[in-house]
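Worksheet: the structure to be examined is printed underneath.
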Amino acid sequence: MEAREIGRLFEKVRANRPLVHHITNYVTVNDCANITLCAGAAPVMSHSRRETGEMVAMAGALVLNIGTLDTRQVEQMLAAGRKANTQGVPVVLDPVGAGATRFRTKTSLRLLRELEVAVLKGNGGEIASLAGAGGKVRGVDSDGVGGKPEQITREYASRLGTVVAMTGPADFLSDGRRTLRVDNGHPLMGRFSGSGCMAASVTGAFAAVSKDRVAATAAALAAFGVAGEKAAVRNTTPYGVRMAIFDELFNLSPAELAERARVRKV
Amino acid sequence: MEAREIGRLFEKVRANRPLVHHITNYVTVNDCANITLCAGAAPVMSHSRRETGEMVAMAGALVLNIGTLDTRQVEQMLAAGRKANTQGVPVVLDPVGAGATRFRTKTSLRLLRELEVAVLKGNGGEIASLAGAGGKVRGVDSDGVGGKPEQITREYASRLGTVVAMTGPADFLSDGRRTLRVDNGHPLMGRFSGSGCMAASVTGAFAAVSKDRVAATAAALAAFGVAGEKAAVRNTTPYGVRMAIFDELFNLSPAELAERARVRKV
Amino acid sequence: MEAREIGRLFEKVRANRPLVHHITNYVTVNDCANITLCAGAAPVMSHSRRETGEMVAMAGALVLNIGTLDTRQVEQMLAAGRKANTQGVPVVLDPVGAGATRFRTKTSLRLLRELEVAVLKGNGGEIASLAGAGGKVRGVDSDGVGGKPEQITREYASRLGTVVAMTGPADFLSDGRRTLRVDNGHPLMGRFSGSGCMAASVTGAFAAVSKDRVAATAAALAAFGVAGEKAAVRNTTPYGVRMAIFDELFNLSPAELAERARVRKV
């Protein structure tokens with residue numbers, strides 16, 4: 001993927017300021033709102049079936065994050081997702097904790113089955129669990145992947161017919177045909193709460209501006225990763241990086257992103 | 001409005017430390033709690049009808065914020081609001097996203113109809129939508145006001161018989177007779193999540209210490225605006241301003257507020 | 001209690017990285033997640049009865065925090081607590097606002113009656129209210145204790161047969177036989193939202209690694225208190241201390257904790 005294309009997508013996020021609608025968890029919801037703003041998009045969070053249809057109809061993307069799932073929220077996600085599908089609004093699914101409990105695994109699979117998900121983004125344990133490839137998840141943390149991440153990602157993407165992104169020390173993403181590796185980011189991003197959720201929100205912002213979901217996802221993960229790298233220059237602690245990452249993304253220019261993005265085919 | 005009066009109201013918040021009860025959204029609720037504390041008041045958040053009556057009876061103000069509304073919350077707000085009305089506790093309503101969905105618009109109008117709201121505070125799009133004056137709201141952001149803000153504010157306040165505050169580059173507030181303009185604040189306050197919600201919480205703190213709701217609201221918006229201006233002196237980025245605004249309000253003295261407040265009749 | 005033992009417990013938290021499951025309020029939930037991570041443990045938050053059983057079975061501790069209670073959450077807490085009891089997972093209860101409303105008081109007493117709670121941790125007003133010792137609570141803040149804190153703590157612990165910790169300018173904790181006083185902490189920790197909730201989360205992390213709940217609770221309160229003291233060295237404002245406390249706990253070494261902990265028998 002060309003660096004120029006990554007920068008161009010970021011410019012488009014800033015120019016279009018897409019509305020990114022979220023049905024998400026109550027732990028990191030504020031971080032999702034602020035990182036969406038700092039990416040250049042406009043966040044909205046709502047869950048009631050009385051209004052998500054209208055919100056989704058205005059939105060450029062819908063982010064579904066199951067971090068604090070319950071049965072009612074499943075129905076809300078399905079309703080919003082169906083509306084998004086009929087409107088052509090891309091759906092980004094973050095299957096937080098899939099593999100840790102049957103409820104999360106089953107719900108993720110149900111959402112993937114009943115909705116047309118544009119991008120499925122999870123950590124190694126979550127994606128490998130859903131793919132049936134020996135993922136290990138403890139709470140909401142990945143505890144291991146029983147195989148090669150790029151292979152699991154590509155094969156699962158091919159099977160699902162959607163873009164699958166597996167984040168980790170390196171991020172892998174694929175639509176089954178094209179598989180990319182993103183080497184941006186910093187280890188401290190895994191030491192505070194919410195970096196995975198924020199990555200999904202940024203992915204929503206980018207998915208809103210391009211039909212090429214592989215490119216959009218790669219650009220989003222690179223942008224968030226570069227913001228993390230920059231945050232880690234002056235900060236050596238998790239919360240320090242967390243507090244700095246918002247403004248580093250805000251300050252990041254498309255040109256600098258194009259220069260610093262480390263995205264390549266695998 | 002005299003500068004001395006603004007400082008005096010802030011002194012009273014600090015001296016009385018009123019309890020400000022919130023039924024609010026889960027996106028910015030932590031910010032609402034901390035800004036209430038930094039204003040000098042005591043926040044409490046609870047929604048269950050099993051206890052909001054008791055909480056409201058202890059409170060100096062009730063803040064209703066519809067940022068993540070659902071049908072159950074409407075009932076909770078009505079129950080708490082009625083209790084507040086019978087106890088003489090002022091109700092501050094923040095109609096987040098009114099105009100964006102029918103549910104939010106209808107619920108805001110219902111709360112205004114069934115409760116005695118002391119202060120209605122929203123952004124331009126929200127207030128103009130409720131007033132039927134051509135407001136535009138996308139998600140939770142104001143996208144425009146179809147008229148003169150001071151005129152819409154004054155006329156709507158007169159019609160409702162309540163204090164209406166429309167925030168924006170300049171804030172306008174009115175009870176239909178007296179109309180004030182507040183020129184404090186900084187553009188970066190609109191670039192992070194929660195500044196509108198925080199302004200409502202601070203308004204609750206001030207409304208708790210004065211029967212003159214116009215003065216209380218103006219003083220609150222000036223105080224929060226000055227805190228934002230001070231936060232923007234050393235910070236040029238949204239999250240930086242957000243992180244600094246709490247302590248800037250905490251450090252703000254009534255005397256400095258009186259000096260820096262830019263409140264005038266229009 | 002020996003300083004060496006306090007350091008050793010902290011080492012064990014870092015080595016074991018226990019999963020701390022939370023059913024908690026939506027105001028400070030993000031702070032609870034991040035402070036758990038900075039203590040060296042792994043947080044998870046979930047409330048649905050469809051999955052809390054599985055989550056609790058993986059967990060080293062269960063933290064129940066009633067900060068934004070409703071009737072459904074009571075049932076969720078009872079279900080998760082029963083599972084924790086059958087699995088031998090220690091339960092930490094933070095009775096936020098007990099004494100302020102009958103619902104919170106009754107629910108706290110019910111949880112204490114129907115569950116085997118390992119550690120009950122509250123502020124002075126909350127603990128004294130539950131103990132029937134003249135506690136005063138306004139909203140979620142302690143407004144006074146009608147007696148000697150060490151005596152109330154010891155007697156209530158003896159009566160309940162659980163460890164009771166009453167936090168305040170000095171923290172007191174007891175199992176009825178052994179009573180300890182912890183003199184770490186800083187007054188600014190009471191001026192931002194969430195320090196009590198965070199203390200409960202850290203207590204969960206420590207309770208997960210020792211059957212000696214008195215020692216674990218004392219070590220946890222000392223660790224969090226030392227982090228607050230260190231945060232207050234360079235910060236003189238509430239939100240400044242709040243932002244710094246996470247990384248101060250992250251940076252705190254077991255050796256430094258052992259040196260700075262001020263825990264003694266009373």
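Every chain in the structure tokens has a letter given in the order shown (A, B, ...), and although residue numbers restart at 1 in each chain, ligands are simply numbered from 1 in the order shown.
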At a cut-off of 12 Å, which residues of chain C touch chain B? Count only C-alpha atoms and give the answer as a PyMOL selection string. chain C and resi 25-32+66-74+96-107+137-143+188+190-195+235-244
Leaving out Gly228 of chain C and any residue of its chain fewer than 3 positions from it, which residues lie within 8 Å of it when counting only C-alpha atoms, given as a ChimeraX atom specification? /C:185-186,189,224-225,231-232,241,245,248
Any chance you can output those residues with C-alpha atoms as an mmCIF file, in the first residue's frame?
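File out35.cif, as written:
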```cif
data_model
loop_
_atom_site.group_PDB
_atom_site.id
_atom_site.type_symbol
_atom_site.label_atom_id
_atom_site.label_comp_id
_atom_site.auth_asym_id
_atom_site.auth_seq_id
_atom_site.Cartn_x
_atom_site.Cartn_y
_atom_site.Cartn_z
ATOM 1 C CA GLY C 185 -2.275 9.141 51.383
ATOM 2 C CA HIS C 186 -2.784 12.828 50.747
ATOM 3 C CA MET C 189 -7.031 12.341 47.005
ATOM 4 C CA PHE C 224 -2.484 3.452 46.682
ATOM 5 C CA GLY C 225 -1.741 5.990 49.417
ATOM 6 C CA ALA C 231 1.473 12.294 42.844
ATOM 7 C CA ALA C 232 1.034 15.218 45.231
ATOM 8 C CA VAL C 241 -3.018 14.399 41.370
ATOM 9 C CA ILE C 245 -1.635 8.720 40.516
ATOM 10 C CA GLU C 248 2.978 6.748 40.279
#
```
Which residues are close to Gly135 of chain B, i.e. within 6 Å by only C-alpha atoms, leaving aside same-chain residues fewer than 6 positions away? Reply as a PDB file with C-alpha atoms, in the first residue's frame.
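Below you can see selection-v5.pdb, which holds the result:
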```
ATOM      1  CA  GLY B 125     -28.577  23.672  17.011  1.00  0.00           C
ATOM      2  CA  ALA B 128     -32.986  26.395  17.842  1.00  0.00           C
ATOM      3  CA  SER B 129     -34.422  22.946  17.085  1.00  0.00           C
ATOM      4  CA  GLY B 144     -26.147  25.833  12.591  1.00  0.00           C
ATOM      5  CA  VAL B 145     -28.894  28.140  13.829  1.00  0.00           C
ATOM      6  CA  GLY B 146     -31.442  29.553  11.431  1.00  0.00           C
TER       7      GLY B 146
END
```
Would you give me, as a ChimeraX atom specification, the residues in segment 173-247 of chain C that DSSP reads as alpha helix (DSSP H)? /C:195-207,213-234,238-247
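Among the candidate residues A:Glu259, A:Asp183, A:Glu126, A:Glu11, the one lying nearest to Leu93 of chain A is A:Glu126, with distances computed using only C-alpha atoms.
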Give me the residues within 12 Å of Gly60 of chain B as a PyMOL selection string, counting only C-alpha atoms and dropping any in the same chain fewer than 5 places off. (chain B and resi 13+16-22+41-44+55+84-85+87-92+201+203-211) or (chain C and resi 138-139)
Store the residues picked out above, limited to C-alpha atoms, as a short mmCIF file (atom, residue, chain, number, x, y, z; two decimals), in the first residue's frame.
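After the write, again_34.cif holds the following:
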```
data_model
loop_
_atom_site.label_atom_id
_atom_site.label_comp_id
_atom_site.auth_asym_id
_atom_site.auth_seq_id
_atom_site.Cartn_x
_atom_site.Cartn_y
_atom_site.Cartn_z
CA VAL B 13 -20.85 27.85 45.68
CA ASN B 16 -22.20 26.08 50.56
CA ARG B 17 -20.74 23.17 48.61
CA PRO B 18 -24.17 22.21 47.24
CA LEU B 19 -24.91 18.65 46.24
CA VAL B 20 -25.58 18.50 42.51
CA HIS B 21 -27.53 15.43 41.56
CA HIS B 22 -27.11 14.14 38.01
CA ALA B 41 -19.77 21.63 44.74
CA ALA B 42 -20.38 17.92 45.42
CA PRO B 43 -21.56 15.68 42.59
CA VAL B 44 -23.72 12.62 42.87
CA MET B 55 -30.87 12.01 46.63
CA ALA B 84 -37.10 18.28 42.55
CA ASN B 85 -40.08 20.46 41.67
CA GLN B 87 -38.80 20.25 46.92
CA GLY B 88 -37.93 23.53 45.20
CA VAL B 89 -34.69 22.10 43.82
CA PRO B 90 -33.79 23.81 40.54
CA VAL B 91 -33.67 21.55 37.46
CA VAL B 92 -31.07 22.16 34.76
CA SER B 201 -22.96 20.64 35.74
CA THR B 203 -24.67 25.65 35.96
CA GLY B 204 -26.26 23.24 38.43
CA ALA B 205 -23.70 24.22 41.07
CA PHE B 206 -24.48 27.91 40.62
CA ALA B 207 -28.24 27.45 40.31
CA ALA B 208 -28.12 25.79 43.72
CA VAL B 209 -27.01 29.01 45.40
CA SER B 210 -29.22 31.66 43.83
CA LYS B 211 -32.88 32.16 43.05
CA ARG C 138 -24.30 13.19 51.81
CA GLY C 139 -24.48 11.94 48.25
#
```
I'd like the interatomic distance between atom CA of Pro187 of chain B and atom CA of Ile152 of chain B, to a tenth of an Å. 22.2 Å
Near-Val117 of chain B list (12 Å; only C-alpha atoms; drop same-chain fewer than 2 positions) as a PyMOL selection string: chain B and resi 61-64+77-78+80-82+84-85+88-95+108-115+119-121+157+160-164+175+204+207+213
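Taking the backbone of this structure through DSSP, the residues of segment 125-154 of chain B that come out as strand (DSSP E or B) are Lys136, Val137, Arg138, Asp141, Ser142, Asp143 and Gly144 of chain B.
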So which one's closest to Pro169 of chain B, B:Ala57, B:Val202, B:Ala118, B:Leu221? Using only C-alpha atoms, please. B:Leu221
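Excluding Gln151 of chain A itself and same-chain residues fewer than 4 positions from it, the residues having an atom within 12 Å of it are Gly124, Ile127, Ala128, Ala131, Ala133, Val145, Gly146, Gly147, Glu155, Tyr156, Ala157, Ser158, Val164, Ala165, Met166, Phe172, Leu173, Ser174, Asp175, Gly176, Arg177, Arg178, Thr179, Leu180, Arg181 and Val266 of chain A, counting only C-alpha atoms.
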Computed gap from atom CA of Lys230 of chain C to atom CA of Arg8 of chain C is 20.4 Å
